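What's in coords.cif: mmCIF, C-alpha atoms
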data_coords
#
loop_
_atom_site.group_PDB
_atom_site.id
_atom_site.type_symbol
_atom_site.label_atom_id
_atom_site.label_comp_id
_atom_site.auth_asym_id
_atom_site.auth_seq_id
_atom_site.Cartn_x
_atom_site.Cartn_y
_atom_site.Cartn_z
ATOM 1 C CA MET A 1 46.848 13.545 43.060
ATOM 2 C CA ILE A 2 47.992 12.662 39.531
ATOM 3 C CA ASP A 3 51.543 11.461 39.057
ATOM 4 C CA ASP A 4 53.322 13.971 36.792
ATOM 5 C CA ASP A 5 55.175 11.177 35.006
ATOM 6 C CA SER A 6 51.940 9.372 34.000
ATOM 7 C CA SER A 7 49.874 12.456 33.135
ATOM 8 C CA ASN A 8 51.535 12.736 29.720
ATOM 9 C CA THR A 9 50.875 9.106 28.811
ATOM 10 C CA VAL A 10 48.068 8.521 26.331
ATOM 11 C CA PRO A 11 45.567 6.203 28.089
ATOM 12 C CA ARG A 12 44.190 3.067 26.538
ATOM 13 C CA PRO A 13 40.847 3.779 24.818
ATOM 14 C CA ALA A 14 37.846 2.867 26.940
ATOM 15 C CA ASP A 15 35.819 -0.178 25.962
ATOM 16 C CA PRO A 16 32.690 1.027 24.107
ATOM 17 C CA VAL A 17 30.456 -1.130 26.324
ATOM 18 C CA LYS A 18 32.190 -2.606 29.341
ATOM 19 C CA ARG A 19 33.631 -0.872 32.396
ATOM 20 C CA ARG A 20 36.204 -2.200 34.808
ATOM 21 C CA GLU A 21 34.093 -0.848 37.656
ATOM 22 C CA ARG A 22 30.310 -0.938 37.612
ATOM 23 C CA LEU A 23 28.479 2.379 37.952
ATOM 24 C CA PRO A 24 26.498 2.847 41.167
ATOM 25 C CA GLY A 25 23.189 2.730 39.335
ATOM 26 C CA GLU A 26 23.948 -0.721 37.914
ATOM 27 C CA LYS A 27 23.300 -2.282 41.308
ATOM 28 C CA ALA A 28 19.840 -2.340 42.854
ATOM 29 C CA LYS A 29 19.678 -1.109 46.421
ATOM 30 C CA SER A 30 20.344 -3.865 48.909
ATOM 31 C CA ASN A 31 17.704 -5.075 51.361
ATOM 32 C CA ARG A 32 20.215 -4.887 54.190
ATOM 33 C CA GLU A 33 19.278 -1.292 54.995
ATOM 34 C CA ASP A 34 15.654 -1.486 53.794
ATOM 35 C CA PRO A 35 13.927 -4.893 53.577
ATOM 36 C CA GLN A 36 11.409 -3.516 51.047
ATOM 37 C CA ALA A 37 13.970 -1.939 48.701
ATOM 38 C CA SER A 38 14.120 -4.714 46.078
ATOM 39 C CA SER A 39 10.332 -5.055 45.832
ATOM 40 C CA ARG A 40 9.987 -1.312 45.427
ATOM 41 C CA VAL A 41 12.614 -1.244 42.668
ATOM 42 C CA ALA A 42 10.867 -4.139 40.891
ATOM 43 C CA ALA A 43 7.563 -2.258 41.045
ATOM 44 C CA LEU A 44 9.175 0.848 39.590
ATOM 45 C CA ILE A 45 10.820 -1.038 36.734
ATOM 46 C CA ASN A 46 7.546 -2.732 35.837
ATOM 47 C CA SER A 47 5.435 0.405 36.036
ATOM 48 C CA PRO A 48 3.969 1.871 32.776
ATOM 49 C CA ALA A 49 5.636 5.219 33.478
ATOM 50 C CA TYR A 50 9.113 3.632 33.438
ATOM 51 C CA ARG A 51 8.561 1.820 30.131
ATOM 52 C CA PRO A 52 10.549 3.461 27.277
ATOM 53 C CA ALA A 53 8.228 5.549 25.113
ATOM 54 C CA ASP A 54 9.037 3.686 21.887
ATOM 55 C CA LEU A 55 8.139 0.358 23.544
ATOM 56 C CA ASP A 56 5.012 1.587 25.287
ATOM 57 C CA VAL A 57 2.127 0.611 22.993
ATOM 58 C CA GLU A 58 -0.476 2.135 25.296
ATOM 59 C CA PHE A 59 1.333 5.473 25.219
ATOM 60 C CA LEU A 60 1.831 5.341 21.444
ATOM 61 C CA ASN A 61 -1.905 4.729 21.011
ATOM 62 C CA HIS A 62 -2.818 7.802 23.046
ATOM 63 C CA ASP A 63 -4.393 10.731 21.182
ATOM 64 C CA SER A 64 -1.483 12.973 22.163
ATOM 65 C CA ALA A 65 0.970 10.700 20.305
ATOM 66 C CA ARG A 66 -0.873 10.985 16.973
ATOM 67 C CA GLY A 67 1.838 13.195 15.475
ATOM 68 C CA ALA A 68 4.509 10.605 16.239
ATOM 69 C CA ARG A 69 2.315 7.830 14.824
ATOM 70 C CA LEU A 70 1.828 9.773 11.599
ATOM 71 C CA GLN A 71 5.588 10.187 11.248
ATOM 72 C CA LEU A 72 6.247 6.496 11.894
ATOM 73 C CA ASP A 73 3.449 5.472 9.521
ATOM 74 C CA TYR A 74 5.215 7.405 6.783
ATOM 75 C CA LEU A 75 8.799 6.597 7.724
ATOM 76 C CA LYS A 76 8.780 2.802 7.921
ATOM 77 C CA PRO A 77 7.473 2.100 4.376
ATOM 78 C CA GLU A 78 9.571 4.965 3.012
ATOM 79 C CA LEU A 79 12.844 3.563 4.375
ATOM 80 C CA LEU A 80 12.058 0.017 3.278
ATOM 81 C CA LEU A 81 11.102 1.143 -0.237
ATOM 82 C CA GLN A 82 14.347 3.101 -0.452
ATOM 83 C CA ASN A 83 16.293 0.040 0.692
ATOM 84 C CA ALA A 84 14.559 -2.031 -1.999
ATOM 85 C CA GLY A 85 15.621 0.456 -4.674
ATOM 86 C CA VAL A 86 12.066 1.492 -5.596
ATOM 87 C CA GLU A 87 12.153 4.779 -7.496
ATOM 88 C CA GLU A 88 8.888 4.750 -9.455
ATOM 89 C CA THR A 89 5.573 2.968 -9.110
ATOM 90 C CA ILE A 90 2.610 2.073 -11.266
ATOM 91 C CA VAL A 91 -0.381 2.194 -8.916
ATOM 92 C CA VAL A 92 -3.411 -0.047 -9.442
ATOM 93 C CA PHE A 93 -6.767 0.486 -7.714
ATOM 94 C CA GLY A 94 -9.936 -1.559 -8.049
ATOM 95 C CA GLY A 95 -12.732 -3.386 -6.305
ATOM 96 C CA THR A 96 -12.015 -5.871 -3.528
ATOM 97 C CA ARG A 97 -15.194 -7.809 -4.399
ATOM 98 C CA ILE A 98 -14.127 -8.711 -7.933
ATOM 99 C CA ARG A 99 -13.479 -12.448 -8.000
ATOM 100 C CA GLU A 100 -11.037 -14.470 -10.020
ATOM 101 C CA PRO A 101 -12.879 -16.284 -12.839
ATOM 102 C CA GLY A 102 -12.889 -19.747 -11.265
ATOM 103 C CA GLU A 103 -14.170 -18.482 -7.929
ATOM 104 C CA ALA A 104 -16.799 -16.326 -9.632
ATOM 105 C CA ARG A 105 -18.032 -19.324 -11.625
ATOM 106 C CA ARG A 106 -18.335 -21.441 -8.464
ATOM 107 C CA GLU A 107 -20.245 -18.643 -6.716
ATOM 108 C CA PHE A 108 -22.629 -18.345 -9.669
ATOM 109 C CA ASP A 109 -23.216 -22.109 -9.867
ATOM 110 C CA ALA A 110 -23.920 -22.296 -6.126
ATOM 111 C CA ALA A 111 -26.392 -19.390 -6.338
ATOM 112 C CA ALA A 112 -28.169 -20.937 -9.319
ATOM 113 C CA LYS A 113 -28.419 -24.288 -7.546
ATOM 114 C CA ALA A 114 -29.830 -22.656 -4.396
ATOM 115 C CA LEU A 115 -32.463 -20.783 -6.422
ATOM 116 C CA ARG A 116 -33.572 -23.970 -8.182
ATOM 117 C CA ARG A 117 -34.362 -25.440 -4.778
ATOM 118 C CA LYS A 118 -36.345 -22.345 -3.712
ATOM 119 C CA PRO A 119 -37.438 -20.582 -6.923
ATOM 120 C CA ASN A 120 -39.734 -18.133 -5.127
ATOM 121 C CA SER A 121 -37.048 -16.732 -2.836
ATOM 122 C CA TYR A 122 -36.437 -13.026 -3.435
ATOM 123 C CA LYS A 123 -33.187 -13.215 -1.471
ATOM 124 C CA LEU A 124 -31.858 -16.058 -3.632
ATOM 125 C CA ARG A 125 -32.896 -14.296 -6.869
ATOM 126 C CA ARG A 126 -30.932 -11.252 -5.761
ATOM 127 C CA ARG A 127 -27.984 -13.441 -4.833
ATOM 128 C CA LEU A 128 -27.998 -14.958 -8.317
ATOM 129 C CA ARG A 129 -28.127 -11.520 -9.979
ATOM 130 C CA VAL A 130 -25.118 -10.364 -7.954
ATOM 131 C CA ALA A 131 -23.248 -13.591 -8.732
ATOM 132 C CA GLU A 132 -23.987 -13.109 -12.435
ATOM 133 C CA LYS A 133 -22.547 -9.578 -12.297
ATOM 134 C CA ARG A 134 -19.461 -10.812 -10.462
ATOM 135 C CA LEU A 135 -18.952 -13.561 -13.009
ATOM 136 C CA ALA A 136 -19.002 -10.976 -15.798
ATOM 137 C CA SER A 137 -16.683 -8.622 -13.908
ATOM 138 C CA SER A 138 -14.196 -11.414 -13.211
ATOM 139 C CA ASP A 139 -12.701 -10.596 -16.606
ATOM 140 C CA TYR A 140 -11.253 -7.504 -14.950
ATOM 141 C CA TYR A 141 -9.343 -9.822 -12.608
ATOM 142 C CA ARG A 142 -7.781 -11.438 -15.657
ATOM 143 C CA ILE A 143 -6.873 -8.057 -17.184
ATOM 144 C CA ALA A 144 -5.359 -6.804 -13.923
ATOM 145 C CA ARG A 145 -3.310 -9.976 -13.593
ATOM 146 C CA GLU A 146 -2.033 -9.610 -17.157
ATOM 147 C CA PHE A 147 -1.176 -5.984 -16.463
ATOM 148 C CA GLY A 148 0.720 -6.931 -13.297
ATOM 149 C CA ALA A 149 2.802 -9.336 -15.383
ATOM 150 C CA ILE A 150 3.562 -6.603 -17.909
ATOM 151 C CA ILE A 151 4.854 -4.307 -15.167
ATOM 152 C CA GLY A 152 6.774 -7.201 -13.634
ATOM 153 C CA ARG A 153 8.626 -7.693 -16.930
ATOM 154 C CA ALA A 154 9.187 -3.978 -17.558
ATOM 155 C CA GLY A 155 12.656 -3.733 -16.110
ATOM 156 C CA ALA A 156 16.068 -5.384 -16.134
ATOM 157 C CA GLY A 157 14.849 -8.533 -14.391
ATOM 158 C CA PRO A 158 13.102 -9.629 -11.167
ATOM 159 C CA SER A 159 15.724 -7.929 -8.975
ATOM 160 C CA ASP A 160 15.206 -4.560 -10.667
ATOM 161 C CA CYS A 161 12.719 -2.696 -8.485
ATOM 162 C CA ARG A 162 13.231 0.794 -9.891
ATOM 163 C CA LEU A 163 9.787 0.586 -11.504
ATOM 164 C CA THR A 164 7.487 -1.481 -9.295
ATOM 165 C CA LEU A 165 3.786 -2.246 -9.201
ATOM 166 C CA MET A 166 1.951 -0.894 -6.139
ATOM 167 C CA THR A 167 -1.539 -1.760 -4.893
ATOM 168 C CA GLY A 168 -3.581 -1.378 -1.727
ATOM 169 C CA GLY A 169 -2.551 -4.895 -0.758
ATOM 170 C CA GLY A 170 -6.060 -6.334 -0.470
ATOM 171 C CA PRO A 171 -8.124 -8.873 -2.433
ATOM 172 C CA GLY A 172 -9.891 -8.516 -5.773
ATOM 173 C CA ILE A 173 -8.226 -6.321 -8.374
ATOM 174 C CA MET A 174 -5.303 -5.572 -6.050
ATOM 175 C CA GLU A 175 -4.660 -9.269 -5.586
ATOM 176 C CA ALA A 176 -4.848 -9.827 -9.342
ATOM 177 C CA ALA A 177 -2.257 -7.141 -10.102
ATOM 178 C CA ASN A 178 0.163 -8.329 -7.403
ATOM 179 C CA ARG A 179 -0.388 -11.897 -8.583
ATOM 180 C CA GLY A 180 0.493 -11.013 -12.153
ATOM 181 C CA ALA A 181 3.815 -9.557 -11.023
ATOM 182 C CA ALA A 182 4.487 -12.662 -8.934
ATOM 183 C CA ASP A 183 3.658 -14.850 -11.960
ATOM 184 C CA VAL A 184 6.774 -13.535 -13.720
ATOM 185 C CA GLY A 185 8.978 -13.609 -10.617
ATOM 186 C CA ALA A 186 8.828 -9.865 -9.968
ATOM 187 C CA LYS A 187 8.359 -8.137 -6.622
ATOM 188 C CA SER A 188 5.451 -5.798 -6.011
ATOM 189 C CA ILE A 189 4.231 -3.534 -3.224
ATOM 190 C CA GLY A 190 1.104 -3.761 -1.084
ATOM 191 C CA LEU A 191 -0.070 -0.980 1.231
ATOM 192 C CA ASN A 192 -2.660 -2.631 3.430
ATOM 193 C CA ILE A 193 -4.721 -0.508 5.807
ATOM 194 C CA THR A 194 -5.365 -1.083 9.507
ATOM 195 C CA LEU A 195 -9.107 -1.398 10.140
ATOM 196 C CA PRO A 196 -11.216 -2.134 13.246
ATOM 197 C CA HIS A 197 -11.619 -5.688 11.938
ATOM 198 C CA GLU A 198 -8.620 -7.727 10.819
ATOM 199 C CA GLN A 199 -7.445 -7.023 7.278
ATOM 200 C CA PHE A 200 -5.352 -9.682 5.545
ATOM 201 C CA PRO A 201 -2.895 -8.856 2.755
ATOM 202 C CA ASN A 202 -3.137 -10.853 -0.429
ATOM 203 C CA PRO A 203 -0.449 -13.555 -0.710
ATOM 204 C CA TYR A 204 1.292 -12.235 -3.839
ATOM 205 C CA ILE A 205 3.058 -9.164 -2.399
ATOM 206 C CA ALA A 206 6.824 -9.206 -1.863
ATOM 207 C CA GLU A 207 7.436 -9.946 1.807
ATOM 208 C CA GLU A 208 9.791 -7.010 2.293
ATOM 209 C CA MET A 209 7.335 -4.616 0.609
ATOM 210 C CA CYS A 210 4.096 -5.624 2.332
ATOM 211 C CA PHE A 211 3.037 -2.870 4.735
ATOM 212 C CA SER A 212 0.253 -2.307 7.224
ATOM 213 C CA VAL A 213 -0.491 1.423 7.308
ATOM 214 C CA ARG A 214 -2.559 2.955 10.090
ATOM 215 C CA TYR A 215 -3.769 6.170 8.447
ATOM 216 C CA PHE A 216 -5.549 6.491 5.098
ATOM 217 C CA ALA A 217 -3.864 9.876 4.617
ATOM 218 C CA ILE A 218 -0.360 8.378 4.860
ATOM 219 C CA ARG A 219 -1.386 5.480 2.638
ATOM 220 C CA LYS A 220 -2.526 7.951 -0.017
ATOM 221 C CA LEU A 221 0.740 9.838 0.332
ATOM 222 C CA HIS A 222 2.711 6.670 -0.393
ATOM 223 C CA PHE A 223 0.438 5.821 -3.318
ATOM 224 C CA LEU A 224 1.295 9.056 -5.110
ATOM 225 C CA LEU A 225 4.797 9.810 -3.862
ATOM 226 C CA ARG A 226 6.501 7.745 -6.569
ATOM 227 C CA ALA A 227 3.550 7.174 -8.910
ATOM 228 C CA ARG A 228 4.211 7.427 -12.620
ATOM 229 C CA ALA A 229 0.722 6.235 -13.550
ATOM 230 C CA LEU A 230 -2.598 5.451 -11.905
ATOM 231 C CA VAL A 231 -4.647 2.555 -13.288
ATOM 232 C CA VAL A 232 -8.207 2.327 -11.944
ATOM 233 C CA PHE A 233 -10.410 -0.716 -12.417
ATOM 234 C CA PRO A 234 -14.099 -0.830 -11.493
ATOM 235 C CA GLY A 235 -14.611 -0.612 -7.760
ATOM 236 C CA GLY A 236 -16.604 0.826 -4.904
ATOM 237 C CA PHE A 237 -16.250 3.727 -2.493
ATOM 238 C CA GLY A 238 -12.548 3.171 -1.777
ATOM 239 C CA THR A 239 -11.668 3.059 -5.464
ATOM 240 C CA LEU A 240 -13.730 6.177 -6.189
ATOM 241 C CA ASP A 241 -12.115 7.976 -3.257
ATOM 242 C CA GLU A 242 -8.598 7.346 -4.581
ATOM 243 C CA LEU A 243 -9.582 8.244 -8.151
ATOM 244 C CA PHE A 244 -11.309 11.542 -7.373
ATOM 245 C CA GLU A 245 -8.627 12.648 -4.942
ATOM 246 C CA THR A 246 -5.946 12.050 -7.570
ATOM 247 C CA LEU A 247 -7.971 13.860 -10.231
ATOM 248 C CA ASN A 248 -8.377 16.814 -7.885
ATOM 249 C CA LEU A 249 -4.658 16.908 -7.056
ATOM 250 C CA VAL A 250 -3.741 16.891 -10.752
ATOM 251 C CA GLN A 251 -6.472 19.388 -11.659
ATOM 252 C CA THR A 252 -5.152 21.859 -9.068
ATOM 253 C CA ARG A 253 -1.517 20.969 -9.937
ATOM 254 C CA LYS A 254 -0.890 20.031 -6.325
ATOM 255 C CA ILE A 255 0.996 17.124 -7.888
ATOM 256 C CA LYS A 256 2.544 16.827 -11.321
ATOM 257 C CA PRO A 257 0.183 15.430 -13.971
ATOM 258 C CA LEU A 258 0.472 11.679 -14.491
ATOM 259 C CA PRO A 259 -1.371 9.158 -16.653
ATOM 260 C CA ILE A 260 -4.760 8.200 -15.194
ATOM 261 C CA VAL A 261 -6.282 5.201 -16.968
ATOM 262 C CA LEU A 262 -9.833 4.024 -16.293
ATOM 263 C CA VAL A 263 -10.314 0.388 -17.241
ATOM 264 C CA GLY A 264 -13.767 -0.479 -18.598
ATOM 265 C CA GLN A 265 -15.327 2.490 -20.371
ATOM 266 C CA GLN A 266 -18.871 1.115 -20.108
ATOM 267 C CA PHE A 267 -18.622 0.911 -16.323
ATOM 268 C CA TRP A 268 -17.035 4.327 -15.842
ATOM 269 C CA ARG A 269 -19.448 6.114 -18.198
ATOM 270 C CA ARG A 270 -22.309 4.976 -15.975
ATOM 271 C CA VAL A 271 -20.543 5.703 -12.670
ATOM 272 C CA MET A 272 -19.575 9.272 -13.530
ATOM 273 C CA ASP A 273 -21.064 11.403 -16.266
ATOM 274 C CA VAL A 274 -18.153 13.817 -16.608
ATOM 275 C CA ASP A 275 -19.566 15.288 -19.806
ATOM 276 C CA PHE A 276 -22.626 16.364 -17.814
ATOM 277 C CA VAL A 277 -20.420 17.880 -15.091
ATOM 278 C CA ALA A 278 -18.484 19.815 -17.734
ATOM 279 C CA ALA A 279 -21.701 20.944 -19.478
ATOM 280 C CA GLU A 280 -22.896 22.292 -16.137
ATOM 281 C CA GLY A 281 -19.740 24.400 -15.993
ATOM 282 C CA LEU A 282 -18.480 22.660 -12.867
ATOM 283 C CA VAL A 283 -15.212 21.517 -14.471
ATOM 284 C CA ASP A 284 -13.376 22.832 -17.502
ATOM 285 C CA SER A 285 -13.160 20.968 -20.779
ATOM 286 C CA GLU A 286 -9.429 20.509 -20.279
ATOM 287 C CA ASP A 287 -10.162 18.550 -17.088
ATOM 288 C CA LEU A 288 -11.748 15.847 -19.241
ATOM 289 C CA GLU A 289 -8.274 15.251 -20.695
ATOM 290 C CA LEU A 290 -6.810 14.224 -17.339
ATOM 291 C CA PHE A 291 -7.792 10.581 -17.928
ATOM 292 C CA TRP A 292 -8.700 8.131 -20.647
ATOM 293 C CA PHE A 293 -10.246 4.663 -20.989
ATOM 294 C CA ALA A 294 -8.691 1.309 -21.804
ATOM 295 C CA GLU A 295 -10.015 -2.230 -22.201
ATOM 296 C CA SER A 296 -6.977 -4.523 -22.141
ATOM 297 C CA ALA A 297 -3.718 -4.868 -20.239
ATOM 298 C CA GLN A 298 -1.573 -4.103 -23.265
ATOM 299 C CA GLN A 299 -3.721 -1.094 -24.152
ATOM 300 C CA ILE A 300 -3.228 0.274 -20.624
ATOM 301 C CA TRP A 301 0.541 -0.089 -20.824
ATOM 302 C CA ASP A 302 0.849 1.248 -24.366
ATOM 303 C CA GLY A 303 -1.187 4.320 -23.350
ATOM 304 C CA ILE A 304 1.011 4.985 -20.309
ATOM 305 C CA ARG A 305 4.171 4.782 -22.397
ATOM 306 C CA GLU A 306 2.666 7.017 -25.093
ATOM 307 C CA TRP A 307 1.654 9.611 -22.479
ATOM 308 C CA HIS A 308 5.152 9.733 -21.039
ATOM 309 C CA GLY A 309 6.623 9.921 -24.525
ATOM 310 C CA GLN A 310 4.485 12.986 -25.288
ATOM 311 C CA ALA A 311 5.400 14.503 -21.914
ATOM 312 C CA GLY A 312 9.115 14.033 -22.593
ATOM 313 C CA SER A 313 9.495 11.906 -19.476
ATOM 314 C CA ALA A 314 10.920 8.402 -19.276
ATOM 315 C CA LEU A 315 10.125 5.336 -17.207
ATOM 316 C CA HIS A 316 12.741 2.987 -15.803
ATOM 317 C CA CYS A 317 12.100 0.322 -18.407
ATOM 318 C CA ASP A 318 15.273 -1.102 -19.881
ATOM 319 C CA ILE A 319 13.494 -4.043 -21.497
ATOM 320 C CA PRO A 320 10.293 -3.637 -23.544
ATOM 321 C CA ALA A 321 7.306 -5.032 -21.662
ATOM 322 C CA ASN A 322 5.999 -6.928 -24.701
ATOM 323 C CA ARG A 323 9.203 -8.859 -25.384
#

Could you write out this structure as structure tokens?
Amino acid sequence: MIDDDSSNTVPRPADPVKRRERLPGEKAKSNREDPQASSRVAALINSPAYRPADLDVEFLNHDSARGARLQLDYLKPELLLQNAGVEETIVVFGGTRIREPGEARREFDAAAKALRRKPNSYKLRRRLRVAEKRLASSDYYRIAREFGAIIGRAGAGPSDCRLTLMTGGGPGIMEAANRGAADVGAKSIGLNITLPHEQFPNPYIAEEMCFSVRYFAIRKLHFLLRARALVVFPGGFGTLDELFETLNLVQTRKIKPLPIVLVGQQFWRRVMDVDFVAAEGLVDSEDLELFWFAESAQQIWDGIREWHGQAGSALHCDIPANR
């Protein structure tokens, strides 16, 4: 029975965590009534079924949880990019096998030395040819690094992440672009991909913007979600996949048109004969205007800025990149 005099008194607010009296469930059943009670409770607590779903890796890896994994794969990078103030990105793709010049030179010298010892070896002759190609293509590493530095300087300082370089986070061209941004003290983004074998990020990505993404589809979503330009260096299947998907999305207007710059006209003219495809009537002539070629870092950047100027759009660049 409640005392009438105290029923009108406002009680002291309850502690948000502690109670004066413990709830019944806070005490495990005593062994006094059942000697096996505590062992049974311990077994229940340690069972996979009792483990909270968000802490149960085995459950999260189950096929039925794929929808939740897709959401989490999207959400984590999205929230962290928002927290970092990233509003726009310049995305760089390119081959993982393109070496930096010094490494490419050492690889070539080692291959040449090995062939001199066994001049009749077909395997070593092929190795030297590949090393020679990689030495020549190492110039793209230099260009990508210079371009990363340009983007790194294209804001109000290293803490300004409104316009930020984004790559796939791996070696080769991606490493070069992230490295260029790091050279000038700027942060950049890396979207690494989870593969059956371990995949290391390159060391030049900002720590708070280095992600490991499980699904290629979500990775592609993040690539284009904030993209204000796509810069594509020579590369293999992965590079071609990203390029052609973006071209298709722009062609069909599934996404807004954006600058698509192919670096190295000689390479790209051999990889894809778009004039032939257009002559066959498989794409329209206007589709050949969805991209253009460039040969230097400054030419890439000047073309992107010119494109946006013609489109009437503006990038978050308070300070000219070529200051």

If the PyMOL selection byres ((chain A and resi 174-182) around 9) were run on this exact file, what residues would it hold? Put them as JSON, numbers by chain.
{"A": [92, 93, 94, 95, 96, 100, 140, 141, 142, 143, 144, 145, 146, 147, 148, 149, 150, 151, 152, 153, 165, 166, 167, 168, 169, 170, 171, 172, 173, 183, 184, 185, 186, 187, 188, 189, 190, 201, 202, 203, 204, 205, 206]}

Which residues come within 12 Å of A:Met272, counting only C-alpha atoms, excluding same-chain residues fewer than 2 positions away, as a PyMOL selection string?
chain A and resi 234+240+243-244+262+265-270+274-278+288

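Remark: residues at most 8 Å from position (-5.1, 3.3, -2.1) in file coordinates are Phe93, Thr167, Gly168, Leu191, Phe216, Arg219, Lys220, Phe223, Gly238, Thr239 and Glu242 of chain A, using only C-alpha atoms.
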
Write the residues you've just listed into a file as a PDB file, keeping the file's coordinate frame, and include C-alpha atoms for each of them.
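Writing done, so here's part-v6.pdb:
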ATOM      1  CA  PHE A  93      -6.767   0.486  -7.714  1.00  0.00           C
ATOM      2  CA  THR A 167      -1.539  -1.760  -4.893  1.00  0.00           C
ATOM      3  CA  GLY A 168      -3.581  -1.378  -1.727  1.00  0.00           C
ATOM      4  CA  LEU A 191      -0.070  -0.980   1.231  1.00  0.00           C
ATOM      5  CA  PHE A 216      -5.549   6.491   5.098  1.00  0.00           C
ATOM      6  CA  ARG A 219      -1.386   5.480   2.638  1.00  0.00           C
ATOM      7  CA  LYS A 220      -2.526   7.951  -0.017  1.00  0.00           C
ATOM      8  CA  PHE A 223       0.438   5.821  -3.318  1.00  0.00           C
ATOM      9  CA  GLY A 238     -12.548   3.171  -1.777  1.00  0.00           C
ATOM     10  CA  THR A 239     -11.668   3.059  -5.464  1.00  0.00           C
ATOM     11  CA  GLU A 242      -8.598   7.346  -4.581  1.00  0.00           C
TER      12      GLU A 242
END

Interatomic distance between atom CA of A:Ser39 and atom CA of A:Val17?
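Those two atoms sit 28.3 Å apart.
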
Expressed in Å to a single decimal, how great is the separation between atom CA of A:Phe237 and atom CA of A:Ala110?
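Computing the Euclidean distance for atom CA of A:Phe237 and atom CA of A:Ala110 yields 27.4 Å.
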
For a quick check of understanding, using only C-alpha atoms, which of A:Asp15, A:Glu88, A:Asp56, A:Asp302 has the smallest distance to A:Asp160?
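For A:Asp160, the nearest of the candidates is A:Glu88.
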
I'd like to know which of A:Thr194, A:Ser159, A:Ser285, A:Asn120 is closest to A:Phe211, using all atoms listed in the file.
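Using all atoms listed in the file, A:Phe211 sits closest to A:Thr194.
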
Per residue of stretch 109-216 of chain A within 8 Å of stretch 70-85 of chain A, record the nearest atom pair and its distance in Å to one decimal, counting only C-alpha atoms, with rows in chain order and ascending residue number, as JSON lines.
{"residue": "A:Asp160", "atom": "CA", "partner": "A:Gly85", "partner_atom": "CA", "distance": 7.8}
{"residue": "A:Cys161", "atom": "CA", "partner": "A:Gly85", "partner_atom": "CA", "distance": 5.7}
{"residue": "A:Arg162", "atom": "CA", "partner": "A:Gly85", "partner_atom": "CA", "distance": 5.7}
{"residue": "A:Glu208", "atom": "CA", "partner": "A:Leu80", "partner_atom": "CA", "distance": 7.4}
{"residue": "A:Met209", "atom": "CA", "partner": "A:Leu81", "partner_atom": "CA", "distance": 6.9}
{"residue": "A:Phe211", "atom": "CA", "partner": "A:Pro77", "partner_atom": "CA", "distance": 6.7}
{"residue": "A:Val213", "atom": "CA", "partner": "A:Asp73", "partner_atom": "CA", "distance": 6.1}
{"residue": "A:Arg214", "atom": "CA", "partner": "A:Asp73", "partner_atom": "CA", "distance": 6.5}
{"residue": "A:Tyr215", "atom": "CA", "partner": "A:Asp73", "partner_atom": "CA", "distance": 7.3}
